[in-house]
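K.L.:
Here's a structure for you.
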Amino acid sequence: MLTCIDVERVRHILVTNDDGVLAPGLWALAEALRPLGSVVVVAPDREQSGVGTSVSLLNPLRLSKMPGLSDDIPAYAVEGTPADCVVLATGALPLEGLRQPIDLVVAGINDGANLGDDVLISGTVGAALRAYLRGIPAIAVSIASLRPRGYDAAASVARGVADWALGGSFGGEFFLNVNLPDMPLSDVAGVAITRLARRSYRDLVDEQEDRRGRKFYWIARGQPEWQVEEGTDAWAIRNHRISVTPLHHDTTQRAALGELAELERRLRGVVEGAR
Ligand code: MN
């Protein structure tokens, strides 16, 4: 009986992003998820791309209610990171329109792909990771273009994934990173469940001088170096497929555990030598 009541309960969905609360992809996502439950937007007040899952520990977080962006979707802007937004919204803050528990966190729709090594710095993926670490089903959604032609395809796919997730299909040991090629759904070649590619950037450092003659530096992303093996997320996007990658928090290299016996022996010597 309790189960029946639980199934009937309105689902609470948190939508966030790293492109900022005014980004059109965020609102396309919030609108697309509206039929699935009660949607609340809590997003950074400005772009936070590249901040990963960082949480603000040294600054106070200010939060303002956004007026009237969408009739029945309350929205809050946070002077902080995407992960801060998740922590605030899932931390039982008594905000108008925000009901607990949050059943699902969806981050996006991000302008630009989050593939391969990028997931380690992505604020979009970082928000989903933060939700996953708090035990909440989470999905990150990105379009593989910094200037997407539109959000309809990604919004439809996000709704499909969210519907599946809210149906209780999430195992709990992963969250999902979804990337789409920038094209109408009718042109998409298919869907691939993928693993992360090795896709690394050679970051460039650009030195400049301010008007007082002090040097400052820009870190800029160079051309990515791809290792596009079949079955990876980057391969899927290159082949015009929607990529869905299950991720989790554990970056332990298990294959190396056995290779570190000599290091362990040496360190034991260091410790014993101090006794
Ligand atoms: Mn972004």
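Chain labels A, B, ... are given in the sequence in which chains occur in the structure tokens; within each chain residues are numbered consecutively from 1, and ligands are likewise numbered from 1 in the order shown.
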How would you report the residues lying within 9 Å of ligand 1, as a list in words, if you count only C-alpha atoms and all ligand atoms?
P.N.:
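I would give the residues around ligand 1 as Asn17, Asp18, Asp19, Gly20, Glu47, Gln48, Ser49, Gly50, Gly108, Ile109, Asn110, Asp111, Gly112, Ala113, Asn114, Ser122, Gly123, Thr124, Ser142 and Leu146 of chain A.
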K.L.:
Would you save the residues of that selection, restricted to all heavy atoms, as a compact mmCIF listing (two decimals), in the first residue's frame?
P.N.:
# COMPACT_ATOMS: atom_id res chain seq x y z
N ASN A 17 22.76 23.81 -14.01
CA ASN A 17 23.68 23.80 -15.16
C ASN A 17 24.98 24.49 -14.76
O ASN A 17 25.15 24.86 -13.59
CB ASN A 17 23.03 24.52 -16.36
CG ASN A 17 23.00 26.03 -16.21
OD1 ASN A 17 23.24 26.57 -15.13
ND2 ASN A 17 22.70 26.72 -17.29
N ASP A 18 25.87 24.63 -15.74
CA ASP A 18 27.09 25.41 -15.45
C ASP A 18 27.21 26.61 -16.39
O ASP A 18 28.19 27.34 -16.33
CB ASP A 18 28.35 24.54 -15.46
CG ASP A 18 28.82 24.17 -16.86
OD1 ASP A 18 28.16 24.54 -17.85
OD2 ASP A 18 29.87 23.50 -16.96
N ASP A 19 26.22 26.81 -17.25
CA ASP A 19 26.26 27.95 -18.17
C ASP A 19 25.55 29.18 -17.59
O ASP A 19 25.53 30.23 -18.21
CB ASP A 19 25.61 27.58 -19.52
CG ASP A 19 26.46 26.57 -20.30
OD1 ASP A 19 27.68 26.51 -20.07
OD2 ASP A 19 25.90 25.85 -21.13
N GLY A 20 24.96 29.00 -16.41
CA GLY A 20 24.32 30.13 -15.74
C GLY A 20 22.81 30.11 -15.90
O GLY A 20 22.26 29.51 -16.83
N GLU A 47 28.20 32.06 -15.70
CA GLU A 47 28.79 30.84 -16.25
C GLU A 47 29.85 30.27 -15.31
O GLU A 47 30.66 31.01 -14.73
CB GLU A 47 29.41 31.10 -17.62
CG GLU A 47 29.91 29.78 -18.21
CD GLU A 47 30.43 29.88 -19.63
OE1 GLU A 47 30.16 30.89 -20.31
OE2 GLU A 47 31.10 28.92 -20.04
N GLN A 48 29.83 28.96 -15.15
CA GLN A 48 30.75 28.26 -14.27
C GLN A 48 31.34 27.04 -14.98
O GLN A 48 31.64 26.04 -14.33
CB GLN A 48 30.00 27.79 -13.01
CG GLN A 48 29.50 28.90 -12.12
CD GLN A 48 30.58 29.43 -11.22
OE1 GLN A 48 31.53 28.73 -10.89
NE2 GLN A 48 30.47 30.69 -10.83
N SER A 49 31.49 27.14 -16.29
CA SER A 49 32.04 26.01 -17.02
C SER A 49 33.46 25.72 -16.53
O SER A 49 34.23 26.64 -16.27
CB SER A 49 32.07 26.31 -18.52
OG SER A 49 30.75 26.47 -19.01
N GLY A 50 33.77 24.45 -16.39
CA GLY A 50 35.13 24.05 -16.03
C GLY A 50 35.42 24.00 -14.55
O GLY A 50 36.56 23.74 -14.15
N GLY A 108 22.15 20.70 -17.25
CA GLY A 108 22.30 21.00 -18.66
C GLY A 108 21.23 22.00 -19.08
O GLY A 108 20.70 22.69 -18.23
N ILE A 109 20.88 22.05 -20.32
CA ILE A 109 21.56 21.41 -21.44
C ILE A 109 22.79 22.24 -21.75
O ILE A 109 22.66 23.44 -22.05
CB ILE A 109 20.62 21.34 -22.67
CG1 ILE A 109 19.38 20.50 -22.33
CG2 ILE A 109 21.34 20.82 -23.88
CD1 ILE A 109 18.26 20.65 -23.35
N ASN A 110 23.96 21.63 -21.66
CA ASN A 110 25.19 22.39 -21.79
C ASN A 110 25.52 22.70 -23.25
O ASN A 110 25.36 21.86 -24.12
CB ASN A 110 26.35 21.58 -21.18
CG ASN A 110 27.62 22.39 -21.09
OD1 ASN A 110 27.66 23.38 -20.38
ND2 ASN A 110 28.65 21.99 -21.82
N ASP A 111 25.99 23.93 -23.46
CA ASP A 111 26.52 24.30 -24.77
C ASP A 111 27.95 23.77 -24.84
O ASP A 111 28.86 24.32 -24.21
CB ASP A 111 26.56 25.83 -24.94
CG ASP A 111 25.16 26.43 -25.05
OD1 ASP A 111 24.17 25.67 -25.05
OD2 ASP A 111 25.07 27.67 -25.11
N GLY A 112 28.17 22.71 -25.59
CA GLY A 112 29.50 22.12 -25.72
C GLY A 112 29.51 20.71 -25.16
O GLY A 112 28.86 20.42 -24.16
N ALA A 113 30.27 19.85 -25.83
CA ALA A 113 30.34 18.44 -25.43
C ALA A 113 31.04 18.29 -24.08
O ALA A 113 31.87 19.11 -23.70
CB ALA A 113 31.09 17.65 -26.49
N ASN A 114 30.70 17.24 -23.37
CA ASN A 114 31.47 16.83 -22.19
C ASN A 114 31.83 15.37 -22.37
O ASN A 114 31.12 14.47 -21.92
CB ASN A 114 30.65 17.04 -20.92
CG ASN A 114 30.68 18.50 -20.48
OD1 ASN A 114 31.77 19.05 -20.28
ND2 ASN A 114 29.52 19.12 -20.34
N SER A 122 34.29 19.24 -16.01
CA SER A 122 32.99 19.78 -16.41
C SER A 122 32.13 20.15 -15.21
O SER A 122 31.91 19.34 -14.31
CB SER A 122 32.26 18.73 -17.26
OG SER A 122 30.88 19.06 -17.33
N GLY A 123 31.61 21.37 -15.22
CA GLY A 123 30.67 21.78 -14.17
C GLY A 123 29.33 21.09 -14.33
O GLY A 123 28.63 20.82 -13.34
N THR A 124 28.96 20.80 -15.57
CA THR A 124 27.70 20.09 -15.83
C THR A 124 27.76 18.68 -15.23
O THR A 124 26.87 18.26 -14.48
CB THR A 124 27.47 19.98 -17.36
OG1 THR A 124 27.64 21.27 -17.95
CG2 THR A 124 26.10 19.45 -17.68
N SER A 142 24.53 17.29 -22.54
CA SER A 142 25.32 18.28 -23.29
C SER A 142 25.13 18.10 -24.79
O SER A 142 24.91 16.99 -25.26
CB SER A 142 26.82 18.10 -22.99
OG SER A 142 27.07 18.12 -21.60
N LEU A 146 29.41 24.49 -29.22
CA LEU A 146 29.40 25.64 -28.31
C LEU A 146 28.29 26.61 -28.67
O LEU A 146 27.90 27.44 -27.85
CB LEU A 146 30.76 26.35 -28.34
CG LEU A 146 31.89 25.57 -27.65
CD1 LEU A 146 33.24 26.27 -27.87
CD2 LEU A 146 31.63 25.38 -26.16
K.L.:
I'd like the neighbourhood of stretch 87-94 of chain A as number ranges by chain, where a residue qualifies if any of its atoms comes within 8 Å (using only C-alpha atoms), though same-chain residues fewer than 4 positions away should be ignored.
P.N.:
A: 14, 42, 83, 98, 100-102, 130-131
K.L.:
Could you go through stretch 78-183 of chain A and tell me which residues DSSP, when run on the backbone, assigns to alpha helix (DSSP H), listing them as an NGL selection string?
P.N.:
:A and (82-90 or 123-133 or 152-164)
K.L.:
Could the residues of stretch 7-56 of chain A that have an atom at most 9 Å from stretch 149-152 of chain A be listed as a Markdown table, each with its closest atom pair and the distance in Å to one decimal, counting only C-alpha atoms and ordered by chain and ascending residue number?
P.N.:
| residue | atom | partner | partner_atom | distance |
| --- | --- | --- | --- | --- |
| A:Pro24 | CA | A:Tyr151 | CA | 8.3 |
| A:Gly25 | CA | A:Tyr151 | CA | 6.3 |
| A:Ala28 | CA | A:Tyr151 | CA | 6.4 |
| A:Leu29 | CA | A:Tyr151 | CA | 8.1 |
| A:Ala32 | CA | A:Asp152 | CA | 8.8 |
K.L.:
Limited to N, CA and C atoms, could you put the picked residues into a file as a compact mmCIF listing (two decimals), in the first residue's frame?
P.N.:
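Once written, part_29.txt looks like this:
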# COMPACT_ATOMS: atom_id res chain seq x y z
N PRO A 24 19.80 29.57 -22.34
CA PRO A 24 18.58 28.99 -22.95
C PRO A 24 18.49 27.47 -22.79
N GLY A 25 19.63 26.79 -22.77
CA GLY A 25 19.60 25.32 -22.63
C GLY A 25 18.99 24.88 -21.31
N ALA A 28 15.19 25.28 -21.70
CA ALA A 28 14.64 24.23 -22.58
C ALA A 28 14.52 22.92 -21.80
N LEU A 29 15.51 22.66 -20.96
CA LEU A 29 15.51 21.44 -20.15
C LEU A 29 14.39 21.48 -19.11
N ALA A 32 11.10 20.94 -20.70
CA ALA A 32 10.93 19.56 -21.19
C ALA A 32 10.59 18.61 -20.05
K.L.:
Record the distance separating atom CA of A:Ile143 and atom CA of A:Ala189, expressed in Å with one decimal.
P.N.:
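It comes out at 15.1 Å.
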K.L.:
As a PyMOL selection string, list the residues of stretch 100-200 of chain A assigned to strand (DSSP E or B) by DSSP on the backbone atoms of this structure.
P.N.:
chain A and resi 104-111+138-143+175-180+190-193+195+198-200
K.L.:
Do a neighbour search on stretch 165-182 of chain A at 9 Å with only C-alpha atoms, toss out local chain neighbours closer than 2 positions, and write the hits as a PyMOL selection string.
P.N.:
chain A and resi 7+11+36+103-104+112-115+119+125+128-129+131-132+135-145+147-151+153-154+157-158+160-163+184+188+233+236-249
K.L.:
Go through A:Gly213, A:Gly258, A:Gly97, A:Pro67 one by one, measure the shortest atom-to-atom distance of each to A:His12 using only C-alpha atoms, and give the residue with the smallest value.
P.N.:
A:Gly97
K.L.:
Calculated over only C-alpha atoms, which of the candidates A:Leu22, A:Leu196, A:Ala256, A:Leu69 has the smallest distance to A:Gly231?
P.N.:
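Closest residue, counting only C-alpha atoms: A:Leu196.
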K.L.:
Do you have the atom CA of A:Arg198-atom CA of A:Thr16 distance handy?
P.N.:
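Separation between atom CA of A:Arg198 and atom CA of A:Thr16: 26.7 Å.
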